[in-house]
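Undergrad: Take a look at this one; I'll ask things after.
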Amino acid sequence: MAESVAFSKTADRSIIYREITPQIEALIADESDVIANLANVAAVLKEAFGFFWVGFYLKKNDQLVLGPFQGPLACTRIDFDKGVCGHAYSTASTVIVSNVDEFPGHIACSSAAKSEIVVPIMDDDGVFGVLDVDSDRLDDFSDADRTGLENIVGVIERVIRSHTNSDKIE
Ligand code: SME
């Protein structure tokens, strides 16, 4: 397994997304443990972009529950109809919020968080969880982040599916 990821020192996030996505795929493809994989994805995103907070909330019964993350401590449980994460969960689509204070129902885990992007992760049963990235700057996320993070979530979804299917075959 690779011990580190290589990426350009550039402010152009789309270049960095392009560089790290195949490395993330190589990092997680052969590991069947979802939590281990999500932990490494959070670590790579933190290292590559220095995001204020990056991590996962996973569907457990009727709530989203905190999963692997990098950054300050965070709320542990989010109802499906609450916050930006709940909105991404219930609409099954990516949400970008340029100013979290203007988002009705935003859950302020940290007063330093100013903008946010949340990408849903799908499995064969629907939304499996969400990837949540918070910035301490207003309006910090663009379509480049949407595309880059959705591609990374696509990799995660494929790896989850491939191991679920091989578990079924074994
Ligand atoms: N702000 C999120 C809650 C999660 S924390 O940001 C880590 C929300 O409103 O969904």
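Residue numbers start at 1 in each chain; chains themselves are named A, B, ... in the order of the structure tokens; ligands are numbered from 1 in the order shown.
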Write out, as a Markdown table, each residue of segment 36-148 of chain A that has an atom at most 9 Å from segment 10-27 of chain A, together with the closest pair of atoms and their distance in Å to one decimal, counting only C-alpha atoms, rows going by chain and rising number.

TA:
```
| residue | atom | partner | partner_atom | distance |
| --- | --- | --- | --- | --- |
| A:Asn37 | CA | A:Leu27 | CA | 8.0 |
| A:Asn40 | CA | A:Leu27 | CA | 8.0 |
| A:Val41 | CA | A:Ile24 | CA | 6.8 |
| A:Val44 | CA | A:Ile24 | CA | 7.8 |
| A:Leu45 | CA | A:Ile20 | CA | 8.7 |
| A:Ala48 | CA | A:Ile16 | CA | 7.3 |
| A:Phe49 | CA | A:Arg13 | CA | 7.8 |
| A:Ala144 | CA | A:Ser14 | CA | 5.6 |
| A:Asp145 | CA | A:Ser14 | CA | 7.3 |
| A:Thr147 | CA | A:Ser14 | CA | 8.4 |
| A:Gly148 | CA | A:Tyr17 | CA | 5.3 |
```

Undergrad: Counting only C-alpha atoms and all ligand atoms, what residues are within 8 Å of ligand 1, given as a CSV table (one decimal) with C-alpha atoms, in the first residue's frame?

TA:
```csv
chain,number,residue,atom,x,y,z
A,53,TRP,CA,-13.0,19.8,8.4
A,54,VAL,CA,-13.5,16.9,6.1
A,55,GLY,CA,-15.3,13.6,6.9
A,73,LEU,CA,-14.5,17.5,16.9
A,74,ALA,CA,-18.0,17.4,15.3
A,75,CYS,CA,-21.7,16.7,16.0
A,78,ILE,CA,-27.8,14.4,12.3
A,82,LYS,CA,-31.6,18.6,9.5
A,83,GLY,CA,-28.7,20.7,8.3
A,84,VAL,CA,-26.7,20.7,5.0
A,85,CYS,CA,-25.9,17.0,5.5
A,86,GLY,CA,-29.6,16.1,6.0
A,87,HIS,CA,-30.5,18.1,2.9
A,100,VAL,CA,-23.7,28.5,6.2
A,105,GLY,CA,-31.3,24.7,9.7
A,106,HIS,CA,-27.5,24.6,9.3
A,107,ILE,CA,-26.0,22.7,12.2
A,108,ALA,CA,-23.1,24.7,13.6
A,109,CYS,CA,-20.6,22.1,14.9
A,110,SER,CA,-18.0,24.9,14.9
A,113,ALA,CA,-17.1,27.0,9.6
A,116,GLU,CA,-19.7,23.8,3.0
A,118,VAL,CA,-21.8,17.9,1.0
A,132,ASP,CA,-19.0,16.6,4.2
A,133,VAL,CA,-16.3,19.3,3.7
A,134,ASP,CA,-16.3,22.6,5.7
```

Undergrad: When you look at Phe128 of chain A with a cut-off of 12 Å (counting only C-alpha atoms), what residues show up, excluding the ones that are within fewer than 3 positions of it in the same chain? I need them as a list of chain:residue names.

TA: A:Val34, A:Phe56, A:Tyr57, A:Leu58, A:Lys59, A:Lys60, A:Asn61, A:Asp62, A:Gln63, A:Leu64, A:Val65, A:Gly67, A:Ala88, A:Tyr89, A:Ser90, A:Ala92, A:Val119, A:Pro120, A:Ile121, A:Met122, A:Asp123, A:Asp124, A:Asp125, A:Leu131, A:Val153, A:Ile156, A:Glu157, A:Ile160, A:Arg161

Undergrad: Hey, can you check how far atom CA of Phe52 of chain A sits from atom CA of Asp136 of chain A?

TA: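 Interatomic distance here is 6.1 Å.
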
Undergrad: Write out as number ranges by chain all residues of segment 19-120 of chain A that backbone DSSP assigns to alpha helix (DSSP H).

TA: A: 19-28, 34-49, 83-91

Undergrad: Please, what distance in Å, to one decimal, runs between atom CA of Lys114 of chain A and atom CA of Asp81 of chain A?

TA: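 According to the coordinates, atom CA of Lys114 of chain A and atom CA of Asp81 of chain A are separated by 20.5 Å.
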
Undergrad: Where does DSSP see strand (DSSP E or B) in segment 102-160 of chain A, if you list the residues as a ChimeraX atom specification?

TA: /A:115-123,126-135

Undergrad: Can you write just those residues out, N, CA and C atoms, as a PDB file, in the first residue's frame?

TA:
```
ATOM      1  N   SER A 115     -18.402  28.009   4.999  1.00  0.00           N
ATOM      2  CA  SER A 115     -19.038  27.471   3.789  1.00  0.00           C
ATOM      3  C   SER A 115     -18.835  25.963   3.772  1.00  0.00           C
ATOM      4  N   GLU A 116     -19.614  25.301   2.907  1.00  0.00           N
ATOM      5  CA  GLU A 116     -19.687  23.842   3.047  1.00  0.00           C
ATOM      6  C   GLU A 116     -20.107  23.201   1.730  1.00  0.00           C
ATOM      7  N   ILE A 117     -19.597  21.988   1.495  1.00  0.00           N
ATOM      8  CA  ILE A 117     -20.107  21.170   0.379  1.00  0.00           C
ATOM      9  C   ILE A 117     -20.358  19.766   0.913  1.00  0.00           C
ATOM     10  N   VAL A 118     -21.499  19.206   0.540  1.00  0.00           N
ATOM     11  CA  VAL A 118     -21.846  17.852   0.982  1.00  0.00           C
ATOM     12  C   VAL A 118     -22.243  17.023  -0.239  1.00  0.00           C
ATOM     13  N   VAL A 119     -21.615  15.847  -0.361  1.00  0.00           N
ATOM     14  CA  VAL A 119     -21.859  14.964  -1.507  1.00  0.00           C
ATOM     15  C   VAL A 119     -22.414  13.631  -0.998  1.00  0.00           C
ATOM     16  N   PRO A 120     -23.580  13.211  -1.485  1.00  0.00           N
ATOM     17  CA  PRO A 120     -24.120  11.929  -1.036  1.00  0.00           C
ATOM     18  C   PRO A 120     -23.361  10.744  -1.640  1.00  0.00           C
ATOM     19  N   ILE A 121     -23.294   9.682  -0.876  1.00  0.00           N
ATOM     20  CA  ILE A 121     -22.655   8.434  -1.324  1.00  0.00           C
ATOM     21  C   ILE A 121     -23.764   7.389  -1.450  1.00  0.00           C
ATOM     22  N   MET A 122     -23.883   6.793  -2.634  1.00  0.00           N
ATOM     23  CA  MET A 122     -24.988   5.857  -2.882  1.00  0.00           C
ATOM     24  C   MET A 122     -24.484   4.417  -2.854  1.00  0.00           C
ATOM     25  N   ASP A 123     -25.319   3.527  -2.341  1.00  0.00           N
ATOM     26  CA  ASP A 123     -25.076   2.107  -2.595  1.00  0.00           C
ATOM     27  C   ASP A 123     -26.357   1.523  -3.159  1.00  0.00           C
ATOM     28  N   GLY A 126     -29.674   2.852  -1.715  1.00  0.00           N
ATOM     29  CA  GLY A 126     -29.977   4.287  -1.642  1.00  0.00           C
ATOM     30  C   GLY A 126     -28.777   5.051  -1.103  1.00  0.00           C
ATOM     31  N   VAL A 127     -29.056   6.103  -0.322  1.00  0.00           N
ATOM     32  CA  VAL A 127     -27.937   6.904   0.205  1.00  0.00           C
ATOM     33  C   VAL A 127     -27.318   6.172   1.404  1.00  0.00           C
ATOM     34  N   PHE A 128     -26.050   5.888   1.263  1.00  0.00           N
ATOM     35  CA  PHE A 128     -25.290   5.131   2.259  1.00  0.00           C
ATOM     36  C   PHE A 128     -24.726   6.072   3.332  1.00  0.00           C
ATOM     37  N   GLY A 129     -24.415   7.317   2.892  1.00  0.00           N
ATOM     38  CA  GLY A 129     -23.842   8.319   3.789  1.00  0.00           C
ATOM     39  C   GLY A 129     -23.505   9.552   2.985  1.00  0.00           C
ATOM     40  N   VAL A 130     -22.789  10.485   3.608  1.00  0.00           N
ATOM     41  CA  VAL A 130     -22.394  11.700   2.893  1.00  0.00           C
ATOM     42  C   VAL A 130     -20.937  12.025   3.189  1.00  0.00           C
ATOM     43  N   LEU A 131     -20.295  12.650   2.189  1.00  0.00           N
ATOM     44  CA  LEU A 131     -18.981  13.273   2.376  1.00  0.00           C
ATOM     45  C   LEU A 131     -19.232  14.747   2.643  1.00  0.00           C
ATOM     46  N   ASP A 132     -18.725  15.252   3.758  1.00  0.00           N
ATOM     47  CA  ASP A 132     -18.978  16.634   4.174  1.00  0.00           C
ATOM     48  C   ASP A 132     -17.638  17.369   4.259  1.00  0.00           C
ATOM     49  N   VAL A 133     -17.527  18.519   3.582  1.00  0.00           N
ATOM     50  CA  VAL A 133     -16.313  19.336   3.676  1.00  0.00           C
ATOM     51  C   VAL A 133     -16.708  20.738   4.111  1.00  0.00           C
ATOM     52  N   ASP A 134     -16.053  21.224   5.170  1.00  0.00           N
ATOM     53  CA  ASP A 134     -16.325  22.568   5.685  1.00  0.00           C
ATOM     54  C   ASP A 134     -15.096  23.442   5.494  1.00  0.00           C
ATOM     55  N   SER A 135     -15.331  24.708   5.182  1.00  0.00           N
ATOM     56  CA  SER A 135     -14.244  25.670   5.067  1.00  0.00           C
ATOM     57  C   SER A 135     -14.431  26.782   6.096  1.00  0.00           C
TER      58      SER A 135
END
```

Undergrad: Could you tell me how far atom CA of Ala39 of chain A sits from atom CA of Pro68 of chain A, in Å to one decimal place?

TA: 4.9 Å
